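Next comes model03.txt, with compact mmCIF, C-alpha atoms and all ligand atoms.
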# COMPACT_ATOMS: atom_id res chain seq x y z
CA MET E 1 82.10 82.56 98.37
CA SER E 2 78.43 81.60 98.32
CA VAL E 3 75.97 80.61 95.61
CA THR E 4 72.40 81.82 95.26
CA ILE E 5 69.71 79.19 94.96
CA ASN E 6 66.20 80.09 93.84
CA LEU E 7 63.39 78.45 95.78
CA LYS E 8 59.87 77.60 94.62
CA SER E 9 57.04 75.82 96.41
CA ARG E 10 55.97 72.53 94.91
CA GLY E 11 52.33 71.61 95.49
CA ARG E 12 50.78 73.64 98.30
CA LEU E 13 52.22 77.18 98.59
CA ILE E 14 54.70 77.52 101.48
CA LYS E 15 53.89 80.87 103.04
CA ARG E 16 57.19 82.17 104.32
CA LEU E 17 59.40 80.50 101.72
CA PRO E 18 62.03 83.03 100.58
CA THR E 19 62.45 83.35 96.82
CA SER E 20 66.18 82.65 97.14
CA VAL E 21 68.88 81.78 99.70
CA ASP E 22 72.63 82.16 99.67
CA VAL E 23 74.50 79.01 100.65
CA ASN E 24 78.06 77.88 100.92
CA PRO E 25 78.64 75.53 97.94
CA LYS E 26 80.20 73.03 100.36
CA SER E 27 77.10 72.77 102.54
CA THR E 28 74.90 69.66 102.45
CA PRO E 29 71.22 69.37 101.41
CA SER E 30 70.27 68.97 105.08
CA GLU E 31 72.05 72.25 105.90
CA LEU E 32 70.05 73.92 103.12
CA ALA E 33 66.89 72.30 104.51
CA SER E 34 67.74 73.65 108.01
CA GLN E 35 68.14 77.13 106.56
CA ILE E 36 64.72 76.84 104.85
CA SER E 37 63.23 75.34 108.00
CA SER E 38 64.37 78.31 110.13
CA LYS E 39 62.84 80.75 107.61
CA THR E 40 59.52 78.93 107.10
CA GLY E 41 59.08 77.57 110.62
CA LEU E 42 58.40 74.08 109.17
CA SER E 43 60.26 71.08 110.61
CA ILE E 44 63.17 69.91 108.46
CA HIS E 45 61.58 66.43 108.28
CA ARG E 46 58.52 67.65 106.38
CA LEU E 47 60.53 69.37 103.62
CA ARG E 48 61.44 67.59 100.40
CA LEU E 49 63.93 69.35 98.15
CA THR E 50 64.16 68.50 94.45
CA LYS E 51 66.26 69.97 91.68
CA ALA E 52 64.14 71.79 89.09
CA SER E 53 66.55 70.80 86.31
CA ASP E 54 66.08 67.00 86.62
CA GLY E 55 63.30 66.60 89.21
CA LYS E 56 65.55 64.41 91.40
CA VAL E 57 65.69 64.61 95.19
CA LEU E 58 68.66 66.76 96.21
CA GLU E 59 71.46 64.45 97.30
CA ASP E 60 74.30 66.93 97.15
CA LEU E 61 74.53 70.66 96.68
CA ASN E 62 76.51 70.35 93.53
CA ILE E 63 74.41 72.92 91.71
CA SER E 64 75.35 76.14 90.04
CA SER E 65 74.32 79.60 91.11
CA ASN E 66 70.78 80.69 90.29
CA GLU E 67 69.57 77.14 89.88
CA THR E 68 66.04 76.50 91.13
CA VAL E 69 65.19 74.07 93.91
CA TYR E 70 61.60 72.98 94.51
CA VAL E 71 60.52 72.76 98.14
CA LYS E 72 57.59 70.48 98.95
CA ASP E 73 55.81 70.52 102.28
CA LEU E 74 55.04 66.86 102.99
CA GLY E 75 52.62 67.82 105.76
CA PRO E 76 52.68 67.08 109.51
CA GLN E 77 55.04 64.25 110.41
CA ILE E 78 54.99 61.36 112.86
CA GLY E 79 58.11 59.60 114.19
CA TRP E 80 58.74 56.12 112.78
CA ARG E 81 59.07 54.64 116.26
CA THR E 82 55.60 55.98 117.09
CA VAL E 83 54.26 54.58 113.80
CA PHE E 84 55.45 51.08 114.73
CA VAL E 85 54.14 51.39 118.29
CA ILE E 86 50.69 52.35 116.91
CA GLU E 87 50.73 49.59 114.29
CA TYR E 88 51.49 46.81 116.79
CA LEU E 89 48.98 48.21 119.26
CA GLY E 90 46.21 47.07 116.88
CA PRO E 91 46.45 43.33 117.51
CA LEU E 92 47.36 43.92 121.19
CA LEU E 93 44.06 45.77 121.75
CA ILE E 94 41.82 43.83 119.36
CA HIS E 95 42.61 40.20 120.29
CA PRO E 96 41.68 40.40 124.01
CA LEU E 97 38.28 41.94 123.08
CA PHE E 98 37.31 38.56 121.64
CA PHE E 99 37.66 37.02 125.11
CA ILE E 100 35.10 39.28 126.81
CA PRO E 101 32.05 36.97 127.24
CA LYS E 102 29.45 39.72 126.73
CA LEU E 103 31.12 40.94 123.56
CA ARG E 104 31.27 37.50 121.96
CA THR E 105 27.53 37.47 121.27
CA TYR E 106 27.88 40.78 119.39
CA ILE E 107 31.06 39.76 117.61
CA TYR E 108 29.48 36.53 116.33
CA PRO E 109 25.85 37.65 115.81
CA HIS E 110 25.09 34.91 113.27
CA ILE E 111 25.71 32.20 115.89
CA GLN E 112 23.13 31.26 118.52
CA ALA E 113 23.71 33.39 121.61
CA SER E 114 24.06 30.32 123.85
CA THR E 115 26.84 28.97 121.59
CA ALA E 116 28.51 32.32 120.94
CA SER E 117 28.91 32.93 124.66
CA ILE E 118 30.76 29.62 125.19
CA PRO E 119 34.19 30.60 126.62
CA PRO E 120 37.16 30.18 124.28
CA THR E 121 38.83 26.76 124.42
CA LEU E 122 42.22 26.15 126.05
CA ASN E 123 43.82 26.02 122.62
CA GLN E 124 42.29 29.38 121.72
CA GLN E 125 43.68 30.79 124.98
CA LEU E 126 47.10 29.45 124.06
CA LEU E 127 46.84 31.14 120.64
CA LEU E 128 45.86 34.43 122.29
CA TYR E 129 48.94 34.33 124.55
CA LEU E 130 51.24 33.55 121.61
CA VAL E 131 49.84 36.43 119.54
CA LEU E 132 50.03 38.87 122.47
CA MET E 133 53.58 37.86 123.38
CA HIS E 134 54.60 38.22 119.73
CA PHE E 135 53.36 41.78 119.44
CA LEU E 136 54.49 42.76 122.91
CA LYS E 137 58.01 41.65 121.96
CA ARG E 138 57.77 43.78 118.81
CA GLU E 139 56.69 46.81 120.85
CA LEU E 140 59.60 46.36 123.26
CA GLU E 141 62.07 45.88 120.40
CA THR E 142 60.72 49.00 118.68
CA LEU E 143 61.24 51.01 121.86
CA PHE E 144 64.52 49.56 123.08
CA VAL E 145 66.36 47.61 120.33
CA HIS E 146 65.78 48.97 116.80
CA LYS E 147 67.67 52.03 115.61
CA PHE E 148 65.70 53.36 112.65
CA SER E 149 67.33 55.40 109.89
CA SER E 150 64.22 57.35 108.83
CA ALA E 151 63.08 59.80 111.45
CA THR E 152 59.52 60.50 110.38
CA MET E 153 56.79 59.89 107.81
CA PRO E 154 53.69 61.97 106.93
CA TRP E 155 50.77 61.55 109.36
CA ARG E 156 48.38 60.98 106.50
CA ASN E 157 50.11 57.66 105.65
CA LEU E 158 49.38 56.23 109.10
CA PRO E 159 45.99 54.60 108.27
CA LYS E 160 47.47 52.90 105.20
CA ASN E 161 50.49 51.69 107.18
CA SER E 162 48.36 50.39 110.03
CA THR E 163 45.91 48.39 107.88
CA HIS E 164 48.14 45.34 107.72
CA TYR E 165 48.36 45.04 111.51
CA TRP E 166 44.94 46.36 112.63
CA ILE E 167 42.93 44.54 109.97
CA LEU E 168 44.90 41.51 108.78
CA SER E 169 46.62 40.48 112.02
CA GLY E 170 44.07 42.20 114.28
CA LEU E 171 40.44 41.73 113.24
CA ASN E 172 41.00 39.01 110.65
CA LEU E 173 43.13 36.74 112.85
CA ALA E 174 41.10 37.28 116.01
CA TRP E 175 37.69 36.70 114.39
CA PHE E 176 38.69 33.36 112.94
CA LEU E 177 41.04 32.15 115.68
CA TYR E 178 38.61 32.67 118.56
CA HIS E 179 35.47 31.68 116.65
CA PRO E 180 33.12 29.67 118.91
CA LEU E 181 32.96 26.99 116.23
CA VAL E 182 36.30 26.39 114.61
CA ILE E 183 36.11 24.78 111.19
CA THR E 184 38.06 21.56 110.67
CA GLU E 185 37.58 19.02 107.93
CA GLY E 186 34.68 20.99 106.51
CA LYS E 187 32.63 20.67 109.73
CA TYR E 188 32.25 23.03 112.66
CA THR E 189 34.05 21.39 115.57
CA PHE E 190 36.37 22.55 118.34
CA TYR E 191 39.91 22.03 117.16
CA THR E 192 42.26 20.60 119.79
CA PRO E 193 45.80 19.66 118.78
CA SER E 194 47.44 16.63 120.39
CA SER E 195 49.79 17.31 123.29
CA THR E 196 52.75 16.26 121.12
CA ALA E 197 51.74 18.82 118.49
CA ILE E 198 51.31 21.51 121.16
CA LEU E 199 54.75 20.82 122.61
CA THR E 200 56.46 20.62 119.20
CA PHE E 201 55.03 23.87 117.90
CA ILE E 202 55.54 25.78 121.14
CA VAL E 203 59.21 24.75 121.05
CA LEU E 204 59.42 25.88 117.40
CA TRP E 205 57.72 29.18 118.27
CA VAL E 206 60.09 29.90 121.20
CA PHE E 207 63.13 28.97 119.09
CA ALA E 208 61.97 31.28 116.28
CA GLN E 209 61.23 34.19 118.63
CA VAL E 210 64.59 33.94 120.41
CA SER E 211 66.39 33.66 117.06
CA ASN E 212 64.46 36.63 115.66
CA PHE E 213 65.43 38.66 118.72
CA SER E 214 69.07 37.65 118.34
CA THR E 215 69.14 38.85 114.70
CA HIS E 216 67.57 42.16 115.75
CA LEU E 217 70.35 42.62 118.30
CA THR E 218 72.93 41.93 115.57
CA LEU E 219 71.35 44.60 113.33
CA SER E 220 71.11 47.09 116.16
CA ASN E 221 74.79 46.62 117.04
CA LEU E 222 75.75 47.61 113.49
CA ARG E 223 74.63 51.20 114.06
CA ARG E 224 75.71 53.78 116.63
CA ALA E 225 72.75 55.48 118.28
CA GLY E 226 71.73 58.64 116.44
CA THR E 227 73.42 57.62 113.18
CA THR E 228 71.97 56.09 110.01
CA THR E 229 74.99 54.15 108.79
CA ARG E 230 74.62 50.58 107.56
CA GLY E 231 76.97 47.69 108.14
CA ILE E 232 77.29 44.16 106.82
CA PRO E 233 75.44 41.89 109.23
CA ARG E 234 77.32 38.70 110.17
CA GLY E 235 76.80 35.88 112.61
CA TYR E 236 73.87 33.69 113.59
CA GLY E 237 71.44 33.39 110.66
CA PHE E 238 73.14 35.94 108.43
CA ASN E 239 75.33 33.34 106.69
CA TRP E 240 72.24 31.43 105.52
CA VAL E 241 70.06 34.19 104.11
CA THR E 242 70.03 37.98 103.66
CA CYS E 243 67.25 38.59 106.17
CA PRO E 244 67.20 35.84 108.81
CA ASN E 245 65.01 38.07 110.99
CA TYR E 246 62.27 37.68 108.37
CA PHE E 247 62.92 33.93 108.12
CA PHE E 248 62.43 33.47 111.87
CA GLU E 249 59.35 35.69 111.74
CA VAL E 250 57.83 33.35 109.14
CA LEU E 251 58.71 30.34 111.33
CA CYS E 252 56.85 31.92 114.28
CA TRP E 253 53.69 32.27 112.21
CA LEU E 254 54.00 28.76 110.77
CA ALA E 255 54.00 27.45 114.36
CA VAL E 256 50.86 29.49 115.14
CA TRP E 257 49.27 28.28 111.90
CA ALA E 258 49.86 24.64 112.85
CA LEU E 259 48.52 25.19 116.39
CA SER E 260 45.40 26.81 114.95
CA GLY E 261 44.59 23.65 112.99
CA PHE E 262 45.89 25.26 109.80
CA ASN E 263 43.28 27.97 110.02
CA TRP E 264 43.09 29.72 106.65
CA ALA E 265 43.11 33.23 108.19
CA VAL E 266 46.49 32.57 109.83
CA GLY E 267 47.66 30.97 106.58
CA LEU E 268 46.60 34.05 104.61
CA PHE E 269 48.31 36.41 107.04
CA THR E 270 51.51 34.33 106.98
CA LEU E 271 51.48 34.18 103.18
CA VAL E 272 50.93 37.93 102.71
CA SER E 273 53.61 38.76 105.31
CA ALA E 274 56.10 36.29 103.84
CA GLY E 275 55.46 37.68 100.33
CA GLN E 276 56.09 41.22 101.52
CA MET E 277 59.20 40.23 103.46
CA TYR E 278 60.53 38.30 100.43
CA LEU E 279 60.28 41.45 98.29
CA TRP E 280 61.99 43.53 101.00
CA ALA E 281 64.71 40.90 101.39
CA LEU E 282 65.38 40.90 97.62
CA LYS E 283 65.79 44.69 97.75
CA LYS E 284 68.04 44.41 100.79
CA GLU E 285 70.31 41.88 99.02
CA LYS E 286 70.55 44.20 95.99
CA ARG E 287 71.37 47.13 98.25
CA TYR E 288 74.09 45.26 100.15
CA ARG E 289 75.73 44.19 96.88
CA LYS E 290 75.66 47.75 95.55
CA GLU E 291 76.74 49.41 98.79
CA PHE E 292 79.48 47.03 99.92
CA GLY E 293 80.75 45.53 96.62
CA ASP E 294 83.33 42.77 97.11
CA LYS E 295 83.28 43.11 100.88
CA TYR E 296 79.79 41.61 100.88
CA LYS E 297 79.43 37.85 100.44
CA LYS E 298 76.49 37.43 98.04
CA LYS E 299 73.62 35.29 99.28
CA ARG E 300 71.73 32.94 97.01
CA ALA E 301 68.67 32.75 99.24
CA VAL E 302 67.26 35.94 100.72
CA LEU E 303 64.46 34.64 102.94
CA ILE E 304 64.40 30.85 103.31
CA PRO E 305 67.75 29.01 103.55
CA ALA E 306 68.64 27.12 100.35
CA LEU E 307 65.18 27.76 98.89
CA LEU E 308 64.08 31.33 98.33
N1 LIG H 401 54.64 39.87 110.01
C1 LIG H 401 54.95 40.82 109.16
O1 LIG H 401 54.21 41.11 108.23
C2 LIG H 401 56.23 41.58 109.30
C3 LIG H 401 56.62 42.40 108.26
C4 LIG H 401 57.81 43.14 108.42
C5 LIG H 401 58.53 43.00 109.59
N2 LIG H 401 58.14 42.19 110.57
C6 LIG H 401 58.94 42.03 111.81
O2 LIG H 401 59.45 43.28 112.22
C7 LIG H 401 60.89 43.18 112.30
C8 LIG H 401 61.52 44.50 111.84
O3 LIG H 401 61.16 44.70 110.48
P1 LIG H 401 61.98 45.64 109.50
O4 LIG H 401 61.34 45.50 108.14
O5 LIG H 401 62.15 46.99 110.12
O6 LIG H 401 63.40 44.89 109.49
P2 LIG H 401 64.82 45.36 108.93
O7 LIG H 401 64.64 46.16 107.70
O8 LIG H 401 65.69 44.18 108.87
O9 LIG H 401 65.33 46.38 110.05
C9 LIG H 401 65.34 46.14 111.42
C10 LIG H 401 66.14 47.26 112.09
O10 LIG H 401 67.53 47.10 111.81
C11 LIG H 401 68.04 48.23 111.08
N3 LIG H 401 68.93 47.68 110.05
C12 LIG H 401 68.60 46.81 109.05
N4 LIG H 401 69.69 46.50 108.32
C13 LIG H 401 70.73 47.21 108.84
C14 LIG H 401 72.12 47.33 108.50
N5 LIG H 401 72.65 46.64 107.47
N6 LIG H 401 72.90 48.14 109.24
C15 LIG H 401 72.37 48.84 110.28
N7 LIG H 401 71.06 48.76 110.66
C16 LIG H 401 70.25 47.95 109.95
C17 LIG H 401 66.83 48.89 110.47
O11 LIG H 401 67.06 50.26 110.24
P3 LIG H 401 66.44 51.07 109.00
O12 LIG H 401 65.50 52.04 109.60
O13 LIG H 401 67.62 51.72 108.37
O14 LIG H 401 65.77 50.09 108.07
C18 LIG H 401 65.80 48.67 111.56
O15 LIG H 401 65.93 49.58 112.62
C19 LIG H 401 61.24 42.00 111.38
O16 LIG H 401 62.48 41.42 111.69
C20 LIG H 401 60.11 41.09 111.61
O17 LIG H 401 60.31 40.35 112.80
C21 LIG H 401 57.00 41.47 110.42

Represent the supplied structure as structure tokens.
Ligand SMILES: NC(=O)c1ccc[n+]([C@@H]2O[C@H](COP(=O)([O-])OP(=O)(O)OC[C@H]3O[C@@H](n4cnc5c(N)ncnc54)[C@H](OP(=O)(O)O)[C@@H]3O)[C@@H](O)[C@H]2O)c1
Amino acid sequence: MSVTINLKSRGRLIKRLPTSVDVNPKSTPSELASQISSKTGLSIHRLRLTKASDGKVLEDLNISSNETVYVKDLGPQIGWRTVFVIEYLGPLLIHPLFFIPKLRTYIYPHIQASTASIPPTLNQQLLLYLVLMHFLKRELETLFVHKFSSATMPWRNLPKNSTHYWILSGLNLAWFLYHPLVITEGKYTFYTPSSTAILTFIVLWVFAQVSNFSTHLTLSNLRRAGTTTRGIPRGYGFNWVTCPNYFFEVLCWLAVWALSGFNWAVGLFTLVSAGQMYLWALKKEKRYRKEFGDKYKKKRAVLIPALL
């Protein structure tokens, strides 16, 4: 026995959308979406199905015959993996531009050309390598470690998604980090940390990167390739906070901040990122508690052990 579901376009009219389809009541929303996809020629990922009766996204097909389902075309889609690759490409492309001698006079036009063309200091070179290695690691993890649950997002959201990385950690960080005259103690001087500080913060940075990588491996091992299931993460870092990967990410940027002479642009980027990650970590903790009930050991701190 099958039920008839009425279909209506929501927003822009979907040309070949049939007015109704017959489905097996036991089929899933994604099976219904596949049926609509084959009729309209639109990829399943760009279709959003909502129940007309309550406006909620269709999570099961528990609806009676002749009920209406709205079908929204979300527009052309882009794979999440590609989104991340494009986002992280921003800082990878932008930072090295600040090391091209000829460009420096254009990048810092308000500074005398003779000063603006001074090559970046050794400390600035060190900062460049740390930033590049950080984002290169993220690119490699995106391609080879992470298993994302969402397949795609609308293309039109790409500029908004990329702003954080292209502007805040791309242009903003690079402009201030590689400035010919770095500001310290209210005066323009070249900032050079002591060798003890360099060693200490490089060790902290390496420790945080390796730890961050280890937590990403733990998360990746919780999911079989091609599936979207979630598991309870356990092991290194996960007994201290909900999202140790975010904690180690913050540590990496604190090390860069210290090496930059506590440059405010790095501080701002670290603060904004940590704020965002804190909100995500709170949500993640809530989700684990709801999804896994008693099996999940509640965490008091979500981002910073014993603190936050
Ligand atoms: N500097 C910054 O502003 C900033 C901001 C955010 C992230 N980051 C960095 O980027 C990294 C990745 O960020 P993210 O927000 O994607 O981290 P995330 O939410 O912890 O997820 C990392 C990967 O693990 C999967 N995953 C998470 N929890 C899982 C579970 N319980 N079971 C199975 N798989 C699970 C996620 O899949 P799903 O697709 O299902 O989520 C995703 O593929 C962070 O660790 C951090 O280093 C930096």

Closest atom pairs, chain E residues within 7 Å of ligand LIG 401 (chain H), all atoms listed in the file, as a tab-separated table:
residue	atom	partner	partner_atom	distance
E:Arg138	CA	H:LIG401	O2	6.8
E:His146	CA	H:LIG401	O15	4.2
E:Lys147	CA	H:LIG401	O15	4.2
E:Phe148	CA	H:LIG401	O12	3.3
E:Ser149	CA	H:LIG401	O12	3.8
E:Ser150	CA	H:LIG401	O12	5.5
E:Asn212	CA	H:LIG401	O17	6.3
E:His216	CA	H:LIG401	C9	6.3
E:Leu219	CA	H:LIG401	O10	4.8
E:Ser220	CA	H:LIG401	O10	5.6
E:Leu222	CA	H:LIG401	C15	4.8
E:Arg223	CA	H:LIG401	C15	5.0
E:Thr228	CA	H:LIG401	O13	6.4
E:Thr229	CA	H:LIG401	C15	6.1
E:Arg230	CA	H:LIG401	N6	3.4
E:Gly231	CA	H:LIG401	N6	4.2
E:Ile232	CA	H:LIG401	N5	5.3
E:Pro233	CA	H:LIG401	N5	5.8
E:Cys243	CA	H:LIG401	O8	6.4
E:Asn245	CA	H:LIG401	O16	4.3
E:Tyr246	CA	H:LIG401	O16	5.0
E:Glu249	CA	H:LIG401	O17	4.9
E:Ser273	CA	H:LIG401	O1	3.8
E:Ala274	CA	H:LIG401	O1	6.8
E:Gln276	CA	H:LIG401	C3	6.9
E:Met277	CA	H:LIG401	C3	5.9

Polymer residues at most 10 Å from Ala306 of chain E, only C-alpha atoms, same-chain spacing of 5 or more positions, as a list in words: Trp240, Val241, Lys299, Arg300 and Ala301 of chain E

Nearest to Thr50 of chain E by atom-to-atom distance, counting all atoms listed in the file, from E:Pro101, E:Pro29, E:Pro120, E:Pro244: E:Pro29

Straight-line distance linking atom CA of His110 of chain E with atom CA of Trp175 of chain E, stated in Å to one decimal: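 Pair atom CA of His110 of chain E / atom CA of Trp175 of chain E returns 12.8 Å.
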
Which residue of E:Lys283, E:Lys295, E:His179, E:Lys290 approaches Tyr108 of chain E most closely, using only C-alpha atoms: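 Closest candidate: E:His179.
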
Skipping near chain neighbours, those fewer than 3 positions away, what residues fall within 12 Å of Gly55 of chain E using all atoms listed in the file, listed as a PDB file with C-alpha atoms, keeping the file's coordinate frame?
ATOM      1  CA  ARG E  10      55.970  72.530  94.910  1.00  0.00           C
ATOM      2  CA  ARG E  48      61.440  67.590 100.400  1.00  0.00           C
ATOM      3  CA  LEU E  49      63.930  69.350  98.150  1.00  0.00           C
ATOM      4  CA  THR E  50      64.160  68.500  94.450  1.00  0.00           C
ATOM      5  CA  LYS E  51      66.260  69.970  91.680  1.00  0.00           C
ATOM      6  CA  ALA E  52      64.140  71.790  89.090  1.00  0.00           C
ATOM      7  CA  LEU E  58      68.660  66.760  96.210  1.00  0.00           C
ATOM      8  CA  GLU E  59      71.460  64.450  97.300  1.00  0.00           C
ATOM      9  CA  THR E  68      66.040  76.500  91.130  1.00  0.00           C
ATOM     10  CA  VAL E  69      65.190  74.070  93.910  1.00  0.00           C
ATOM     11  CA  TYR E  70      61.600  72.980  94.510  1.00  0.00           C
ATOM     12  CA  VAL E  71      60.520  72.760  98.140  1.00  0.00           C
ATOM     13  CA  LYS E  72      57.590  70.480  98.950  1.00  0.00           C
TER      14      LYS E  72
END

Gap from atom CA of Met153 of chain E to atom CA of Gly79 of chain E - Å, one decimal: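 Separation between atom CA of Met153 of chain E and atom CA of Gly79 of chain E: 6.5 Å.
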